[in-house]
$ cat work-v4.cif   # mmCIF, C-alpha atoms
data_model
#
loop_
_atom_site.label_atom_id
_atom_site.label_comp_id
_atom_site.auth_asym_id
_atom_site.auth_seq_id
_atom_site.Cartn_x
_atom_site.Cartn_y
_atom_site.Cartn_z
CA MET A 7 -30.96 -17.47 -69.87
CA GLU A 8 -32.93 -14.47 -71.04
CA SER A 9 -35.08 -12.37 -68.78
CA ASN A 10 -37.79 -9.94 -69.69
CA LYS A 11 -36.81 -7.72 -66.77
CA ARG A 12 -34.25 -4.89 -66.69
CA TYR A 13 -33.78 -3.75 -63.13
CA ALA A 14 -32.87 -0.15 -62.39
CA ILE A 15 -32.90 2.45 -59.65
CA VAL A 16 -34.01 6.04 -60.18
CA LEU A 17 -32.68 8.45 -57.56
CA ASP A 18 -33.87 11.91 -56.64
CA ALA A 19 -30.83 13.15 -54.70
CA SER A 20 -32.54 16.47 -53.90
CA LYS A 21 -34.70 14.54 -51.41
CA CYS A 22 -31.68 13.12 -49.56
CA ILE A 23 -31.26 14.27 -45.94
CA ASP A 24 -27.99 12.37 -45.38
CA CYS A 25 -29.55 10.32 -42.58
CA LYS A 26 -27.38 7.32 -43.55
CA ALA A 27 -30.30 4.92 -43.03
CA CYS A 28 -29.43 3.38 -46.42
CA THR A 29 -25.78 2.74 -45.58
CA VAL A 30 -26.61 1.20 -42.20
CA ALA A 31 -29.47 -0.88 -43.66
CA CYS A 32 -27.14 -2.12 -46.40
CA LYS A 33 -24.52 -3.23 -43.90
CA MET A 34 -27.10 -4.98 -41.69
CA GLU A 35 -28.92 -6.68 -44.59
CA ASN A 36 -25.78 -7.88 -46.34
CA GLY A 37 -23.52 -8.53 -43.36
CA VAL A 38 -20.97 -6.02 -44.65
CA GLU A 39 -18.15 -5.63 -42.17
CA LEU A 40 -17.62 -2.45 -40.19
CA GLY A 41 -15.06 0.06 -41.38
CA GLN A 42 -15.02 3.18 -43.51
CA GLU A 43 -13.36 1.26 -46.37
CA SER A 44 -16.09 -1.41 -46.48
CA TYR A 45 -19.02 0.25 -48.16
CA ARG A 46 -21.43 -1.04 -50.76
CA ILE A 47 -23.30 2.27 -50.77
CA TRP A 48 -22.45 5.73 -49.50
CA VAL A 49 -23.60 9.34 -49.45
CA SER A 50 -21.17 12.08 -50.42
CA MET A 51 -21.63 15.74 -49.53
CA LYS A 52 -20.76 18.97 -51.29
CA VAL A 53 -20.92 22.36 -49.54
CA LYS A 54 -21.39 25.32 -51.90
CA GLY A 55 -21.07 29.04 -51.30
CA ALA A 56 -20.00 31.08 -48.29
CA PHE A 57 -21.88 32.04 -45.14
CA PRO A 58 -24.69 33.20 -45.11
CA ASN A 59 -25.44 31.95 -48.63
CA VAL A 60 -24.53 28.34 -48.17
CA SER A 61 -26.14 25.30 -49.70
CA ILE A 62 -25.39 21.65 -49.37
CA GLU A 63 -25.84 18.81 -51.81
CA PHE A 64 -25.84 15.10 -51.14
CA GLU A 65 -25.10 12.38 -53.65
CA PRO A 66 -26.11 8.87 -52.67
CA SER A 67 -24.19 6.35 -54.74
CA GLN A 68 -23.27 2.70 -55.13
CA CYS A 69 -22.42 0.21 -57.91
CA GLN A 70 -24.05 1.61 -61.02
CA HIS A 71 -24.80 -1.84 -62.50
CA CYS A 72 -23.43 -0.73 -65.86
CA GLU A 73 -24.71 -2.32 -69.05
CA ASN A 74 -21.27 -1.76 -70.56
CA THR A 75 -19.41 -3.28 -67.64
CA PRO A 76 -15.69 -2.45 -67.21
CA CYS A 77 -15.29 -4.59 -64.06
CA GLN A 78 -16.64 -7.60 -65.91
CA SER A 79 -14.49 -7.15 -69.01
CA VAL A 80 -11.24 -6.93 -67.03
CA CYS A 81 -11.96 -9.86 -64.68
CA PRO A 82 -9.54 -12.68 -65.58
CA THR A 83 -11.58 -15.42 -63.87
CA GLN A 84 -15.08 -14.36 -64.88
CA ALA A 85 -15.93 -13.93 -61.22
CA THR A 86 -17.86 -10.79 -62.13
CA TYR A 87 -20.94 -11.59 -64.16
CA LYS A 88 -24.34 -10.21 -65.06
CA THR A 89 -27.65 -11.79 -64.17
CA PRO A 90 -30.31 -12.03 -66.89
CA GLU A 91 -31.91 -8.88 -65.44
CA GLY A 92 -28.64 -6.95 -65.75
CA VAL A 93 -27.59 -7.03 -62.10
CA VAL A 94 -23.78 -7.14 -61.85
CA LEU A 95 -22.64 -9.72 -59.28
CA VAL A 96 -19.41 -11.32 -58.05
CA ASP A 97 -18.97 -15.07 -57.69
CA TYR A 98 -16.88 -15.11 -54.50
CA ASP A 99 -15.56 -18.61 -55.20
CA LYS A 100 -14.06 -17.52 -58.53
CA CYS A 101 -12.57 -14.22 -57.31
CA ILE A 102 -8.79 -14.31 -56.88
CA LEU A 103 -8.59 -10.81 -55.33
CA CYS A 104 -6.43 -9.43 -58.15
CA LYS A 105 -8.33 -6.12 -57.79
CA ALA A 106 -8.32 -5.41 -61.53
CA CYS A 107 -12.05 -4.67 -61.23
CA MET A 108 -11.43 -2.12 -58.48
CA THR A 109 -9.10 -0.26 -60.83
CA ALA A 110 -11.48 -0.55 -63.76
CA CYS A 111 -14.57 0.68 -61.90
CA PRO A 112 -15.06 4.42 -62.55
CA TYR A 113 -17.32 4.71 -59.49
CA ASP A 114 -15.02 3.23 -56.82
CA ALA A 115 -17.82 0.87 -55.93
CA ARG A 116 -15.76 -2.20 -55.05
CA PHE A 117 -13.70 -3.21 -52.04
CA PRO A 118 -11.97 -6.33 -50.72
CA SER A 119 -14.00 -8.24 -48.16
CA HIS A 120 -12.16 -10.20 -45.49
CA HIS A 121 -15.36 -12.05 -44.75
CA HIS A 122 -15.84 -13.39 -48.30
CA HIS A 123 -12.13 -13.45 -49.24
CA ALA A 124 -13.22 -11.74 -52.43
CA ILE A 125 -14.01 -8.36 -53.92
CA GLU A 126 -17.55 -7.35 -53.12
CA LYS A 127 -20.00 -4.57 -53.90
CA CYS A 128 -23.69 -3.75 -54.15
CA THR A 129 -25.81 -6.66 -55.41
CA LEU A 130 -29.03 -4.64 -55.70
CA CYS A 131 -30.01 -7.01 -52.85
CA TYR A 132 -30.47 -9.72 -55.48
CA HIS A 133 -31.37 -12.23 -52.76
CA ARG A 134 -34.44 -10.16 -51.86
CA LEU A 135 -35.71 -9.59 -55.41
CA ALA A 136 -36.93 -13.15 -55.96
CA GLU A 137 -39.18 -12.69 -52.92
CA GLY A 138 -40.63 -9.54 -54.46
CA ARG A 139 -38.83 -7.34 -51.95
CA GLU A 140 -36.97 -4.17 -52.86
CA PRO A 141 -33.28 -3.59 -52.09
CA ALA A 142 -32.73 -2.66 -48.42
CA CYS A 143 -31.58 0.89 -49.26
CA VAL A 144 -34.75 1.51 -51.26
CA GLU A 145 -37.07 0.11 -48.61
CA THR A 146 -35.50 1.92 -45.66
CA CYS A 147 -35.07 5.43 -47.11
CA PRO A 148 -37.37 7.84 -45.18
CA PRO A 149 -37.67 10.52 -47.93
CA LYS A 150 -37.77 7.85 -50.68
CA VAL A 151 -34.75 9.03 -52.67
CA ARG A 152 -34.49 5.71 -54.50
CA VAL A 153 -37.15 4.04 -56.63
CA PHE A 154 -36.46 0.49 -57.77
CA GLY A 155 -38.13 -1.26 -60.69
CA ASP A 156 -38.18 -2.82 -64.11
CA LEU A 157 -37.32 -0.64 -67.12
CA ASN A 158 -39.08 -3.07 -69.44
CA ASP A 159 -42.40 -2.54 -67.70
CA PRO A 160 -43.84 0.74 -69.01
CA ASN A 161 -46.14 0.92 -65.97
CA SER A 162 -43.36 0.58 -63.40
CA GLU A 163 -42.56 3.60 -61.25
CA VAL A 164 -39.02 3.80 -62.70
CA SER A 165 -40.30 3.86 -66.29
CA LYS A 166 -42.85 6.54 -65.46
CA LEU A 167 -40.27 8.71 -63.70
CA LEU A 168 -37.79 8.44 -66.56
CA ALA A 169 -40.54 9.25 -69.06
CA LYS A 170 -41.51 12.51 -67.38
CA LYS A 171 -38.37 13.77 -65.57
CA ARG A 172 -35.02 14.97 -66.78
CA PHE A 173 -32.20 12.78 -65.54
CA THR A 174 -28.47 12.23 -65.73
CA GLN A 175 -26.07 9.39 -65.07
CA LEU A 176 -22.74 9.43 -63.27
CA LYS A 177 -19.66 9.87 -65.47
CA PRO A 178 -21.48 9.50 -68.80
CA ASP A 179 -18.16 10.10 -70.62
CA ARG A 180 -17.10 6.60 -69.59
CA ASN A 181 -19.82 5.09 -71.75
CA THR A 182 -20.74 2.57 -69.05
CA ARG A 183 -24.52 2.96 -69.49
CA PRO A 184 -25.41 2.67 -65.80
CA ARG A 185 -28.71 1.30 -64.54
CA LEU A 186 -28.84 4.05 -61.97
CA PHE A 187 -30.51 7.28 -63.06
CA TYR A 188 -30.28 10.59 -61.19
CA ILE A 189 -33.19 12.98 -61.58
CA ILE A 190 -32.22 16.62 -62.24
CA GLY A 191 -34.18 19.55 -60.79
CA ALA B 26 -27.49 38.98 -25.86
CA ASN B 27 -24.47 38.98 -28.08
CA PRO B 28 -21.35 37.26 -26.83
CA PRO B 29 -18.79 39.54 -25.15
CA THR B 30 -15.87 40.64 -27.34
CA GLY B 31 -13.49 37.81 -28.07
CA GLN B 32 -16.04 35.15 -27.13
CA LEU B 33 -18.41 32.99 -29.16
CA ARG B 34 -21.77 31.48 -28.35
CA PHE B 35 -21.65 27.72 -27.88
CA VAL B 36 -24.79 25.92 -29.03
CA VAL B 37 -25.81 22.36 -28.27
CA GLY B 38 -26.93 19.93 -30.92
CA ARG B 39 -27.49 16.28 -31.49
CA HIS B 40 -26.81 14.25 -34.58
CA GLY B 41 -29.29 12.39 -36.76
CA GLN B 42 -27.76 8.98 -36.13
CA PHE B 43 -26.45 9.73 -32.74
CA THR B 44 -28.57 11.02 -29.90
CA HIS B 45 -28.53 9.37 -26.47
CA ALA B 46 -26.20 6.92 -24.73
CA GLY B 47 -27.59 3.77 -26.38
CA THR B 48 -27.17 5.16 -29.87
CA GLN B 49 -23.85 6.81 -29.11
CA ASN B 50 -22.26 3.50 -28.28
CA ASP B 51 -23.72 1.63 -31.27
CA LYS B 52 -20.80 0.87 -33.58
CA TYR B 53 -22.90 1.01 -36.76
CA LEU B 54 -24.30 4.43 -35.86
CA LEU B 55 -20.89 5.64 -34.77
CA GLU B 56 -19.64 4.65 -38.20
CA ALA B 57 -22.58 6.42 -39.84
CA TYR B 58 -21.56 9.53 -37.88
CA GLY B 59 -18.35 9.25 -39.89
CA ASP B 60 -15.62 9.77 -37.30
CA GLN B 61 -14.34 8.31 -34.06
CA GLU B 62 -14.62 11.65 -32.26
CA ASN B 63 -16.56 14.89 -32.56
CA SER B 64 -15.28 18.17 -34.00
CA ILE B 65 -15.99 21.78 -33.20
CA TRP B 66 -17.59 23.68 -36.08
CA ILE B 67 -15.84 27.01 -36.63
CA ASN B 68 -16.69 29.52 -39.34
CA THR B 69 -13.95 29.78 -41.96
CA LYS B 70 -13.28 33.49 -41.33
CA VAL B 71 -13.06 33.08 -37.56
CA ALA B 72 -10.77 30.09 -37.91
CA SER B 73 -8.42 31.92 -40.25
CA GLU B 74 -8.26 34.91 -37.84
CA LYS B 75 -7.25 32.55 -35.06
CA GLY B 76 -4.88 30.50 -37.21
CA ILE B 77 -6.95 27.34 -36.82
CA LYS B 78 -6.94 24.81 -39.64
CA ASN B 79 -9.20 21.84 -40.30
CA GLY B 80 -8.19 18.97 -38.01
CA ASP B 81 -6.19 21.13 -35.55
CA ARG B 82 -6.72 20.59 -31.82
CA VAL B 83 -8.64 23.45 -30.29
CA LYS B 84 -9.11 24.42 -26.65
CA VAL B 85 -12.68 25.49 -25.88
CA LYS B 86 -13.03 27.33 -22.59
CA SER B 87 -16.14 28.58 -20.80
CA LYS B 88 -16.34 29.97 -17.26
CA VAL B 89 -17.07 26.48 -15.90
CA GLY B 90 -14.71 24.21 -17.81
CA GLU B 91 -12.64 23.50 -20.85
CA GLN B 92 -12.25 20.76 -23.44
CA ILE B 93 -9.80 19.95 -26.22
CA VAL B 94 -11.46 19.02 -29.49
CA LYS B 95 -10.69 18.65 -33.18
CA ALA B 96 -11.54 21.60 -35.47
CA TYR B 97 -13.95 21.44 -38.39
CA VAL B 98 -13.58 24.65 -40.37
CA THR B 99 -16.71 25.30 -42.41
CA GLU B 100 -19.02 27.81 -44.05
CA ARG B 101 -21.92 25.93 -42.50
CA ILE B 102 -21.92 27.92 -39.24
CA ARG B 103 -22.34 31.58 -38.24
CA PRO B 104 -19.17 33.50 -37.36
CA ASP B 105 -20.43 34.28 -33.84
CA ILE B 106 -21.25 30.65 -32.97
CA VAL B 107 -19.40 27.40 -32.41
CA TYR B 108 -20.82 23.92 -31.94
CA TYR B 109 -19.84 20.33 -31.44
CA VAL B 110 -22.16 17.37 -31.40
CA HIS B 111 -23.40 15.94 -28.12
CA GLY B 112 -22.44 12.42 -27.10
CA PHE B 113 -18.66 12.23 -27.14
CA GLY B 114 -16.05 12.57 -24.43
CA ARG B 115 -18.06 10.32 -22.14
CA LEU B 116 -16.88 9.47 -18.64
CA SER B 117 -18.52 6.04 -18.41
CA LYS B 118 -16.17 3.20 -19.29
CA GLY B 119 -19.26 1.17 -20.17
CA LEU B 120 -19.67 3.36 -23.26
CA THR B 121 -16.69 1.60 -24.76
CA ASN B 122 -16.68 3.23 -28.20
CA ILE B 123 -16.82 6.84 -27.00
CA TYR B 124 -15.19 6.71 -23.58
CA GLN B 125 -12.92 9.76 -23.44
CA LYS B 126 -13.07 10.17 -27.23
CA GLY B 127 -13.65 13.73 -28.40
CA ALA B 128 -15.17 16.42 -26.23
CA SER B 129 -18.15 16.52 -23.86
CA GLU B 130 -20.37 19.59 -24.03
CA ALA B 131 -21.68 19.00 -20.49
CA GLU B 132 -18.21 19.85 -19.21
CA ILE B 133 -18.37 23.41 -20.51
CA LEU B 134 -22.09 24.26 -20.36
CA VAL B 135 -23.08 26.91 -17.85
CA ASP B 136 -26.24 25.95 -15.93
CA TYR B 137 -29.23 28.15 -16.68
CA VAL B 138 -32.80 27.15 -16.00
CA GLU B 139 -35.84 28.73 -17.57
CA THR B 140 -37.97 29.19 -14.45
CA ILE B 141 -41.43 29.14 -15.99
CA SER B 142 -41.09 25.89 -17.99
CA GLY B 143 -38.27 24.33 -16.01
CA ASN B 144 -36.28 23.71 -19.17
CA ALA B 145 -32.52 23.85 -19.20
CA CYS B 146 -31.30 26.72 -21.37
CA MET B 147 -28.54 25.04 -23.25
CA HIS B 148 -27.50 27.70 -25.74
CA GLU B 149 -26.49 30.43 -23.28
CA THR B 150 -22.84 29.54 -22.82
CA PHE B 151 -20.09 31.82 -24.12
CA VAL B 152 -16.68 30.35 -24.87
CA GLU B 153 -13.21 31.34 -25.94
CA ILE B 154 -11.41 29.19 -28.45
CA GLN B 155 -7.74 28.94 -29.27
CA LYS B 156 -5.43 26.53 -30.96
CA ALA B 157 -4.35 23.94 -28.40
#

$ encode --input "work-v4.cif" --output "structure tokens"
Amino acid sequence: MESNKRYAIVLDASKCIDCKACTVACKMENGVELGQESYRIWVSMKVKGAFPNVSIEFEPSQCQHCENTPCQSVCPTQATYKTPEGVVLVDYDKCILCKACMTACPYDARFPSHHHHAIEKCTLCYHRLAEGREPACVETCPPKVRVFGDLNDPNSEVSKLLAKKRFTQLKPDRNTRPRLFYIIG
Amino acid sequence: ANPPTGQLRFVVGRHGQFTHAGTQNDKYLLEAYGDQENSIWINTKVASEKGIKNGDRVKVKSKVGEQIVKAYVTERIRPDIVYYVHGFGRLSKGLTNIYQKGASEAEILVDYVETISGNACMHETFVEIQKA
């Protein structure tokens, strides 16, 4: 099935205040179990410089929903698949917990879920999209770090941002072509 | 006033996800805080002078009390100040997730009241720290 949509998230990490609203909202929305190892999304922190010239940078991250998808190509049971809009999902019934995908993922975005008896990760809140709702992390973010939308729609907020801002992607050397874009400066 | 020689000013602070008793005992917010106990922020230079490393147990002593708490050695704090987040080391067993975990700042704060407004002055306490 073809789709005329290509979902993506554009992030402006400079707006992030590390409030963790996104990580809590993600766990509540998706019923992700408690525990520091069970994360679909996270915020990492980098401290630079020495007192009194110190700065801090946050990097919110999650599954990058790669177009060139290493977790999908290594999966022996085709449990990992892509929706027509390019969202990378896991079919929990097909997953045999071999963890090949966890090894293949350059972003460490996957973890074993006791609840699903499968490997799980960010779904871009695919269950919400059909209702026209944004992913929980996007909706809840107070400073609006994340913008969600359709790359194929030139009038979408993501397309407009990518047209006028400079951006980068995580680990571009891996040639994964992520659907997450990080605005620079 | 500057702290007396050998002492540091202890300041009080709350955490974004973690403010009063109801939020402190919420397991999702506790997880968002990122640890099961609080840590005392110590400037890197001060910590190295005192031989304190990240994760060491540190004794924090004021003239009214003392607490043992984990060290967080960082550039993110002034050399003359130490701090740990409010909300840990609680005495109520009802606060199941934080009962006696980490350190309480109420145990070491010296009571000062600002007489015009009636506010508690919570950043006036001087402490000594040493590796526990």

$ closest_residue --input "work-v4.cif" --among "A:His120, A:Lys170, A:Arg152, A:Lys33" --to "Tyr188 in chain A" --atoms "only C-alpha atoms"
A:Arg152

$ interface_residues --input "work-v4.cif" --of "chain A" --to "chain B" --cutoff "12 Å" --atoms "all atoms listed in the file" --output "number ranges by chain"
A: 23-34, 37-45, 47-50, 52-62

$ resolve_selection --input "work-v4.cif" --expression "the PyMOL selection byres ((chain B and resi 125) around 8)" --output "PyMOL selection string"
chain B and resi 113-116+123-124+126-128

$ residues_near_point --input "work-v4.cif" --point "(-7.1, 17.6, -34.4)" --cutoff "8 Å" --atoms "all atoms listed in the file" --output "PyMOL selection string"
chain B and resi 79-83+94-96

$ residues_around --input "work-v4.cif" --residues "Lys105 in chain A" --least-positions-apart "5" --cutoff "12 Å" --atoms "all atoms listed in the file" --output "PyMOL selection string"
chain A and resi 77-78+80-83+85-86+110-111+114-119+123-126

$ atom_distance --input "work-v4.cif" --atom1 "CA of Thr146 in chain A" --atom2 "CA of Arg185 in chain A"
20.1 Å

$ atom_distance --input "work-v4.cif" --atom1 "CA of Gly47 in chain B" --atom2 "CA of His111 in chain B"
13.0 Å

$ atom_distance --input "work-v4.cif" --atom1 "CA of Gly112 in chain B" --atom2 "CA of Gln61 in chain B"
11.4 Å

$ closest_residue --input "work-v4.cif" --among "A:Ile102, A:Met108, A:Met51, A:Val16" --to "Lys127 in chain A" --atoms "only C-alpha atoms"
A:Met108

$ residues_around --input "work-v4.cif" --residues "Glu153 in chain B" --least-positions-apart "6" --cutoff "12 Å" --atoms "all atoms listed in the file" --output "list in words"
Pro28, Pro29, Thr30, Gly31, Gln32, Leu33, Arg34, Phe35, Ile67, Val71, Lys75, Val83, Lys84, Val85, Lys86, Ser87, Lys88, Val89, Gly90, Glu91, Gln92, Ile93, Asp105, Ile106, Val107 and Ile133 of chain B

$ closest_residue --input "work-v4.cif" --among "A:Pro178, A:Arg139, A:Ala106, A:Gly191" --to "Asn74 in chain A" --atoms "all atoms listed in the file"
A:Pro178

$ residues_around --input "work-v4.cif" --residues "Val36 in chain B" --least-positions-apart "4" --cutoff "10 Å" --atoms "all atoms listed in the file" --output "list in words"
Ile106, Val107, Tyr108, Tyr109, Val110, Glu130, Leu134, Met147, His148, Glu149, Thr150 and Phe151 of chain B

$ write_last_selection --input "work-v4.cif" --atoms "C-alpha atoms" --output "PDB file, in the frame of the given file"
ATOM      1  CA  ILE B 106     -21.250  30.650 -32.970  1.00  0.00           C
ATOM      2  CA  VAL B 107     -19.400  27.400 -32.410  1.00  0.00           C
ATOM      3  CA  TYR B 108     -20.820  23.920 -31.940  1.00  0.00           C
ATOM      4  CA  TYR B 109     -19.840  20.330 -31.440  1.00  0.00           C
ATOM      5  CA  VAL B 110     -22.160  17.370 -31.400  1.00  0.00           C
ATOM      6  CA  GLU B 130     -20.370  19.590 -24.030  1.00  0.00           C
ATOM      7  CA  LEU B 134     -22.090  24.260 -20.360  1.00  0.00           C
ATOM      8  CA  MET B 147     -28.540  25.040 -23.250  1.00  0.00           C
ATOM      9  CA  HIS B 148     -27.500  27.700 -25.740  1.00  0.00           C
ATOM     10  CA  GLU B 149     -26.490  30.430 -23.280  1.00  0.00           C
ATOM     11  CA  THR B 150     -22.840  29.540 -22.820  1.00  0.00           C
ATOM     12  CA  PHE B 151     -20.090  31.820 -24.120  1.00  0.00           C
TER      13      PHE B 151
END

$ build_atoms --input "work-v4.cif" --residues "range 91-112 of chain A" --atoms "N, CA and C atoms" --output "PDB file, in the frame of the given file"
ATOM      1  N   GLU A  91     -31.236 -10.186 -65.584  1.00  0.00           N
ATOM      2  CA  GLU A  91     -31.910  -8.880 -65.440  1.00  0.00           C
ATOM      3  C   GLU A  91     -30.930  -7.717 -65.467  1.00  0.00           C
ATOM      4  N   GLY A  92     -29.633  -8.032 -65.642  1.00  0.00           N
ATOM      5  CA  GLY A  92     -28.640  -6.950 -65.750  1.00  0.00           C
ATOM      6  C   GLY A  92     -28.027  -6.536 -64.431  1.00  0.00           C
ATOM      7  N   VAL A  93     -28.225  -7.331 -63.381  1.00  0.00           N
ATOM      8  CA  VAL A  93     -27.590  -7.030 -62.100  1.00  0.00           C
ATOM      9  C   VAL A  93     -26.159  -7.580 -62.150  1.00  0.00           C
ATOM     10  N   VAL A  94     -25.182  -6.726 -61.805  1.00  0.00           N
ATOM     11  CA  VAL A  94     -23.780  -7.140 -61.850  1.00  0.00           C
ATOM     12  C   VAL A  94     -23.416  -7.758 -60.493  1.00  0.00           C
ATOM     13  N   LEU A  95     -22.953  -9.004 -60.517  1.00  0.00           N
ATOM     14  CA  LEU A  95     -22.640  -9.720 -59.280  1.00  0.00           C
ATOM     15  C   LEU A  95     -21.217 -10.281 -59.326  1.00  0.00           C
ATOM     16  N   VAL A  96     -20.726 -10.683 -58.148  1.00  0.00           N
ATOM     17  CA  VAL A  96     -19.410 -11.320 -58.050  1.00  0.00           C
ATOM     18  C   VAL A  96     -19.596 -12.731 -57.512  1.00  0.00           C
ATOM     19  N   ASP A  97     -19.006 -13.699 -58.198  1.00  0.00           N
ATOM     20  CA  ASP A  97     -18.970 -15.070 -57.690  1.00  0.00           C
ATOM     21  C   ASP A  97     -17.744 -15.173 -56.775  1.00  0.00           C
ATOM     22  N   TYR A  98     -17.990 -15.175 -55.467  1.00  0.00           N
ATOM     23  CA  TYR A  98     -16.880 -15.110 -54.500  1.00  0.00           C
ATOM     24  C   TYR A  98     -15.930 -16.290 -54.638  1.00  0.00           C
ATOM     25  N   ASP A  99     -16.432 -17.427 -55.070  1.00  0.00           N
ATOM     26  CA  ASP A  99     -15.560 -18.610 -55.200  1.00  0.00           C
ATOM     27  C   ASP A  99     -14.564 -18.459 -56.354  1.00  0.00           C
ATOM     28  N   LYS A 100     -14.948 -17.675 -57.368  1.00  0.00           N
ATOM     29  CA  LYS A 100     -14.060 -17.520 -58.530  1.00  0.00           C
ATOM     30  C   LYS A 100     -13.086 -16.353 -58.367  1.00  0.00           C
ATOM     31  N   CYS A 101     -13.394 -15.430 -57.465  1.00  0.00           N
ATOM     32  CA  CYS A 101     -12.570 -14.220 -57.310  1.00  0.00           C
ATOM     33  C   CYS A 101     -11.206 -14.575 -56.736  1.00  0.00           C
ATOM     34  N   ILE A 102     -10.147 -14.051 -57.372  1.00  0.00           N
ATOM     35  CA  ILE A 102      -8.790 -14.310 -56.880  1.00  0.00           C
ATOM     36  C   ILE A 102      -8.177 -13.050 -56.252  1.00  0.00           C
ATOM     37  N   LEU A 103      -9.028 -12.042 -55.997  1.00  0.00           N
ATOM     38  CA  LEU A 103      -8.590 -10.810 -55.330  1.00  0.00           C
ATOM     39  C   LEU A 103      -7.468 -10.083 -56.066  1.00  0.00           C
ATOM     40  N   CYS A 104      -7.477 -10.140 -57.399  1.00  0.00           N
ATOM     41  CA  CYS A 104      -6.430  -9.430 -58.150  1.00  0.00           C
ATOM     42  C   CYS A 104      -6.687  -7.924 -58.190  1.00  0.00           C
ATOM     43  N   LYS A 105      -7.937  -7.531 -57.896  1.00  0.00           N
ATOM     44  CA  LYS A 105      -8.330  -6.120 -57.790  1.00  0.00           C
ATOM     45  C   LYS A 105      -8.327  -5.371 -59.130  1.00  0.00           C
ATOM     46  N   ALA A 106      -8.235  -6.084 -60.231  1.00  0.00           N
ATOM     47  CA  ALA A 106      -8.320  -5.410 -61.530  1.00  0.00           C
ATOM     48  C   ALA A 106      -9.657  -4.678 -61.654  1.00  0.00           C
ATOM     49  N   CYS A 107     -10.709  -5.278 -61.145  1.00  0.00           N
ATOM     50  CA  CYS A 107     -12.050  -4.670 -61.230  1.00  0.00           C
ATOM     51  C   CYS A 107     -12.126  -3.369 -60.440  1.00  0.00           C
ATOM     52  N   MET A 108     -11.419  -3.342 -59.291  1.00  0.00           N
ATOM     53  CA  MET A 108     -11.430  -2.120 -58.480  1.00  0.00           C
ATOM     54  C   MET A 108     -10.804  -0.967 -59.262  1.00  0.00           C
ATOM     55  N   THR A 109      -9.754  -1.279 -60.009  1.00  0.00           N
ATOM     56  CA  THR A 109      -9.100  -0.260 -60.830  1.00  0.00           C
ATOM     57  C   THR A 109      -9.987   0.143 -61.997  1.00  0.00           C
ATOM     58  N   ALA A 110     -10.686  -0.825 -62.557  1.00  0.00           N
ATOM     59  CA  ALA A 110     -11.480  -0.550 -63.760  1.00  0.00           C
ATOM     60  C   ALA A 110     -12.762   0.231 -63.433  1.00  0.00           C
ATOM     61  N   CYS A 111     -13.277   0.061 -62.245  1.00  0.00           N
ATOM     62  CA  CYS A 111     -14.570   0.680 -61.900  1.00  0.00           C
ATOM     63  C   CYS A 111     -14.430   2.197 -61.790  1.00  0.00           C
ATOM     64  N   PRO A 112     -15.166   2.960 -62.615  1.00  0.00           N
ATOM     65  CA  PRO A 112     -15.060   4.420 -62.550  1.00  0.00           C
ATOM     66  C   PRO A 112     -15.742   5.001 -61.312  1.00  0.00           C
TER      67      PRO A 112
END
